[in-house]
>>> print(open('protein.pdb').read())   # PDB, C-alpha atoms
ATOM      1  CA  MET E 608      64.495 151.841  74.436  1.00  0.00           C
ATOM      2  CA  THR E 609      66.718 148.801  74.863  1.00  0.00           C
ATOM      3  CA  THR E 610      68.685 148.044  77.994  1.00  0.00           C
ATOM      4  CA  ARG E 611      72.327 147.217  77.503  1.00  0.00           C
ATOM      5  CA  GLN E 612      73.848 144.394  79.479  1.00  0.00           C
ATOM      6  CA  PRO E 613      77.040 145.073  81.469  1.00  0.00           C
ATOM      7  CA  ILE E 614      80.291 144.026  79.828  1.00  0.00           C
ATOM      8  CA  GLU E 615      82.155 141.254  81.618  1.00  0.00           C
ATOM      9  CA  LEU E 616      85.898 140.759  81.236  1.00  0.00           C
ATOM     10  CA  HIS E 617      87.263 137.352  82.162  1.00  0.00           C
ATOM     11  CA  GLN E 618      90.499 137.547  84.108  1.00  0.00           C
ATOM     12  CA  GLY E 619      91.350 133.968  84.797  1.00  0.00           C
ATOM     13  CA  PRO E 620      89.435 130.966  86.091  1.00  0.00           C
ATOM     14  CA  GLY E 621      86.156 132.023  87.682  1.00  0.00           C
ATOM     15  CA  ALA E 622      87.004 135.742  87.842  1.00  0.00           C
ATOM     16  CA  THR E 623      84.860 138.323  86.076  1.00  0.00           C
ATOM     17  CA  GLN E 624      85.069 142.101  85.985  1.00  0.00           C
ATOM     18  CA  GLU E 625      81.772 143.813  85.293  1.00  0.00           C
ATOM     19  CA  LEU E 626      81.926 147.184  83.521  1.00  0.00           C
ATOM     20  CA  LEU E 627      78.910 149.480  83.781  1.00  0.00           C
ATOM     21  CA  THR E 628      77.824 152.312  81.517  1.00  0.00           C
ATOM     22  CA  VAL E 629      76.992 155.764  82.889  1.00  0.00           C
ATOM     23  CA  PRO E 630      73.228 155.162  82.410  1.00  0.00           C
ATOM     24  CA  GLN E 631      73.513 151.910  84.397  1.00  0.00           C
ATOM     25  CA  VAL E 632      75.293 153.747  87.228  1.00  0.00           C
ATOM     26  CA  MET E 633      72.652 156.479  87.057  1.00  0.00           C
ATOM     27  CA  ALA E 634      69.940 153.862  87.537  1.00  0.00           C
ATOM     28  CA  ARG E 635      71.742 152.070  90.372  1.00  0.00           C
ATOM     29  CA  LEU E 636      72.477 155.266  92.298  1.00  0.00           C
ATOM     30  CA  GLN E 637      69.225 156.968  91.260  1.00  0.00           C
ATOM     31  CA  LEU E 638      71.192 160.061  90.246  1.00  0.00           C
ATOM     32  CA  GLY E 639      71.147 162.227  87.164  1.00  0.00           C
ATOM     33  CA  ARG E 640      73.718 162.231  84.389  1.00  0.00           C
ATOM     34  CA  SER E 641      75.430 165.421  85.591  1.00  0.00           C
ATOM     35  CA  ALA E 642      75.758 164.098  89.146  1.00  0.00           C
ATOM     36  CA  VAL E 643      77.400 160.876  87.934  1.00  0.00           C
ATOM     37  CA  TYR E 644      79.805 162.784  85.676  1.00  0.00           C
ATOM     38  CA  ASP E 645      80.655 165.073  88.630  1.00  0.00           C
ATOM     39  CA  LEU E 646      81.563 161.984  90.682  1.00  0.00           C
ATOM     40  CA  LEU E 647      83.756 160.782  87.813  1.00  0.00           C
ATOM     41  CA  ARG E 648      85.345 164.215  87.295  1.00  0.00           C
ATOM     42  CA  THR E 649      86.216 164.557  90.997  1.00  0.00           C
ATOM     43  CA  ARG E 650      87.534 160.983  91.037  1.00  0.00           C
ATOM     44  CA  GLN E 651      85.140 159.948  93.785  1.00  0.00           C
ATOM     45  CA  LEU E 652      84.046 157.199  91.399  1.00  0.00           C
ATOM     46  CA  ALA E 653      86.725 155.384  89.395  1.00  0.00           C
ATOM     47  CA  SER E 654      86.287 154.700  85.691  1.00  0.00           C
ATOM     48  CA  ILE E 655      88.114 153.692  82.555  1.00  0.00           C
ATOM     49  CA  THR E 656      87.830 155.049  79.040  1.00  0.00           C
ATOM     50  CA  LEU E 657      87.582 152.712  76.068  1.00  0.00           C
ATOM     51  CA  GLY E 658      87.859 154.892  72.990  1.00  0.00           C
ATOM     52  CA  ARG E 659      85.203 157.536  73.649  1.00  0.00           C
ATOM     53  CA  ALA E 660      83.166 155.287  75.949  1.00  0.00           C
ATOM     54  CA  ARG E 661      83.333 155.671  79.732  1.00  0.00           C
ATOM     55  CA  ARG E 662      82.941 152.481  81.798  1.00  0.00           C
ATOM     56  CA  ILE E 663      82.763 152.095  85.565  1.00  0.00           C
ATOM     57  CA  PRO E 664      83.953 148.833  87.119  1.00  0.00           C
ATOM     58  CA  ALA E 665      81.262 147.328  89.364  1.00  0.00           C
ATOM     59  CA  HIS E 666      83.771 147.063  92.203  1.00  0.00           C
ATOM     60  CA  ALA E 667      84.429 150.825  91.930  1.00  0.00           C
ATOM     61  CA  LEU E 668      80.722 151.480  92.418  1.00  0.00           C
ATOM     62  CA  THR E 669      80.667 149.126  95.416  1.00  0.00           C
ATOM     63  CA  ASP E 670      83.760 150.832  96.871  1.00  0.00           C
ATOM     64  CA  PHE E 671      82.180 154.255  96.371  1.00  0.00           C
ATOM     65  CA  ILE E 672      79.009 153.211  98.202  1.00  0.00           C
ATOM     66  CA  ARG E 673      80.994 151.596 101.033  1.00  0.00           C
ATOM     67  CA  THR E 674      83.134 154.737 101.425  1.00  0.00           C
ATOM     68  CA  ARG E 675      80.069 156.986 101.544  1.00  0.00           C
ATOM     69  CA  LEU E 676      78.429 154.743 104.150  1.00  0.00           C
ATOM     70  CA  ASP E 677      81.603 154.823 106.270  1.00  0.00           C
ATOM     71  CA  GLN E 678      81.697 158.622 106.013  1.00  0.00           C
ATOM     72  CA  GLU E 679      78.064 158.892 107.071  1.00  0.00           C
ATOM     73  CA  ALA E 680      78.664 156.571 110.052  1.00  0.00           C
ATOM     74  CA  ALA E 681      81.648 158.592 111.285  1.00  0.00           C
TER
END
>>> encode(input="protein.pdb", output="structure tokens")
Amino acid sequence: MTTRQPIELHQGPGATQELLTVPQVMARLQLGRSAVYDLLRTRQLASITLGRARRIPAHALTDFIRTRLDQEAA
């Protein structure tokens, strides 16, 4: 099984936007496919659709983790 590299979109000098696949998010969060799709469906985790492909911006994953940590601390 091959590992796909994240897609990077260049948005000006020095700026990159990393887009992750659902399997990459699954691996980073150590969650199953259904759990990740539930987060996407409930809009707890932001994503974009490119054709039939779902991509999650890396900053959206970081924001999700930060929000969950803030909720746990409160």
>>> residues_around(input="protein.pdb", residues="E:Leu647", least_positions_apart="2", cutoff="12 Å", atoms="only C-alpha atoms", output="list in words")
Val629, Val632, Met633, Arg640, Ser641, Ala642, Val643, Tyr644, Asp645, Thr649, Arg650, Gln651, Leu652, Ala653, Ser654, Ile655, Thr656, Arg661, Arg662, Ile663, Pro664, Ala667, Leu668 and Phe671 of chain E
>>> write_last_selection(input="protein.pdb", atoms="C-alpha atoms", output="PDB file, keeping the file's coordinate frame")
ATOM      1  CA  VAL E 629      76.992 155.764  82.889  1.00  0.00           C
ATOM      2  CA  VAL E 632      75.293 153.747  87.228  1.00  0.00           C
ATOM      3  CA  MET E 633      72.652 156.479  87.057  1.00  0.00           C
ATOM      4  CA  ARG E 640      73.718 162.231  84.389  1.00  0.00           C
ATOM      5  CA  SER E 641      75.430 165.421  85.591  1.00  0.00           C
ATOM      6  CA  ALA E 642      75.758 164.098  89.146  1.00  0.00           C
ATOM      7  CA  VAL E 643      77.400 160.876  87.934  1.00  0.00           C
ATOM      8  CA  TYR E 644      79.805 162.784  85.676  1.00  0.00           C
ATOM      9  CA  ASP E 645      80.655 165.073  88.630  1.00  0.00           C
ATOM     10  CA  THR E 649      86.216 164.557  90.997  1.00  0.00           C
ATOM     11  CA  ARG E 650      87.534 160.983  91.037  1.00  0.00           C
ATOM     12  CA  GLN E 651      85.140 159.948  93.785  1.00  0.00           C
ATOM     13  CA  LEU E 652      84.046 157.199  91.399  1.00  0.00           C
ATOM     14  CA  ALA E 653      86.725 155.384  89.395  1.00  0.00           C
ATOM     15  CA  SER E 654      86.287 154.700  85.691  1.00  0.00           C
ATOM     16  CA  ILE E 655      88.114 153.692  82.555  1.00  0.00           C
ATOM     17  CA  THR E 656      87.830 155.049  79.040  1.00  0.00           C
ATOM     18  CA  ARG E 661      83.333 155.671  79.732  1.00  0.00           C
ATOM     19  CA  ARG E 662      82.941 152.481  81.798  1.00  0.00           C
ATOM     20  CA  ILE E 663      82.763 152.095  85.565  1.00  0.00           C
ATOM     21  CA  PRO E 664      83.953 148.833  87.119  1.00  0.00           C
ATOM     22  CA  ALA E 667      84.429 150.825  91.930  1.00  0.00           C
ATOM     23  CA  LEU E 668      80.722 151.480  92.418  1.00  0.00           C
ATOM     24  CA  PHE E 671      82.180 154.255  96.371  1.00  0.00           C
TER      25      PHE E 671
END
>>> atom_distance(input="protein.pdb", atom1="atom CA of E:Gly639", atom2="atom CA of E:Glu679")
21.3 Å
>>> closest_residue(input="protein.pdb", among="E:Thr628, E:Leu676, E:Leu638, E:Arg611", to="E:Ala660", atoms="only C-alpha atoms")
E:Thr628
>>> atom_distance(input="protein.pdb", atom1="atom CA of E:Ala680", atom2="atom CA of E:Gln624")
28.8 Å
>>> atom_distance(input="protein.pdb", atom1="atom CA of E:Arg659", atom2="atom CA of E:Pro630")
15.0 Å
>>> closest_residue(input="protein.pdb", among="E:Arg648, E:Gln637, E:Leu626, E:Gln612", to="E:His666", atoms="only C-alpha atoms")
E:Leu626
>>> closest_residue(input="protein.pdb", among="E:Leu646, E:Pro613, E:Ile672, E:Gly658", to="E:Glu625", atoms="all atoms listed in the file")
E:Pro613
>>> axis_aligned_box(input="protein.pdb", around="stretch 635-650 of chain E", padding_each_side="4 Å", output="AutoDock Vina command-line options")
--center_x 78.4 --center_y 158.7 --center_z 88.3 --size_x 26.3 --size_y 21.4 --size_z 15.9
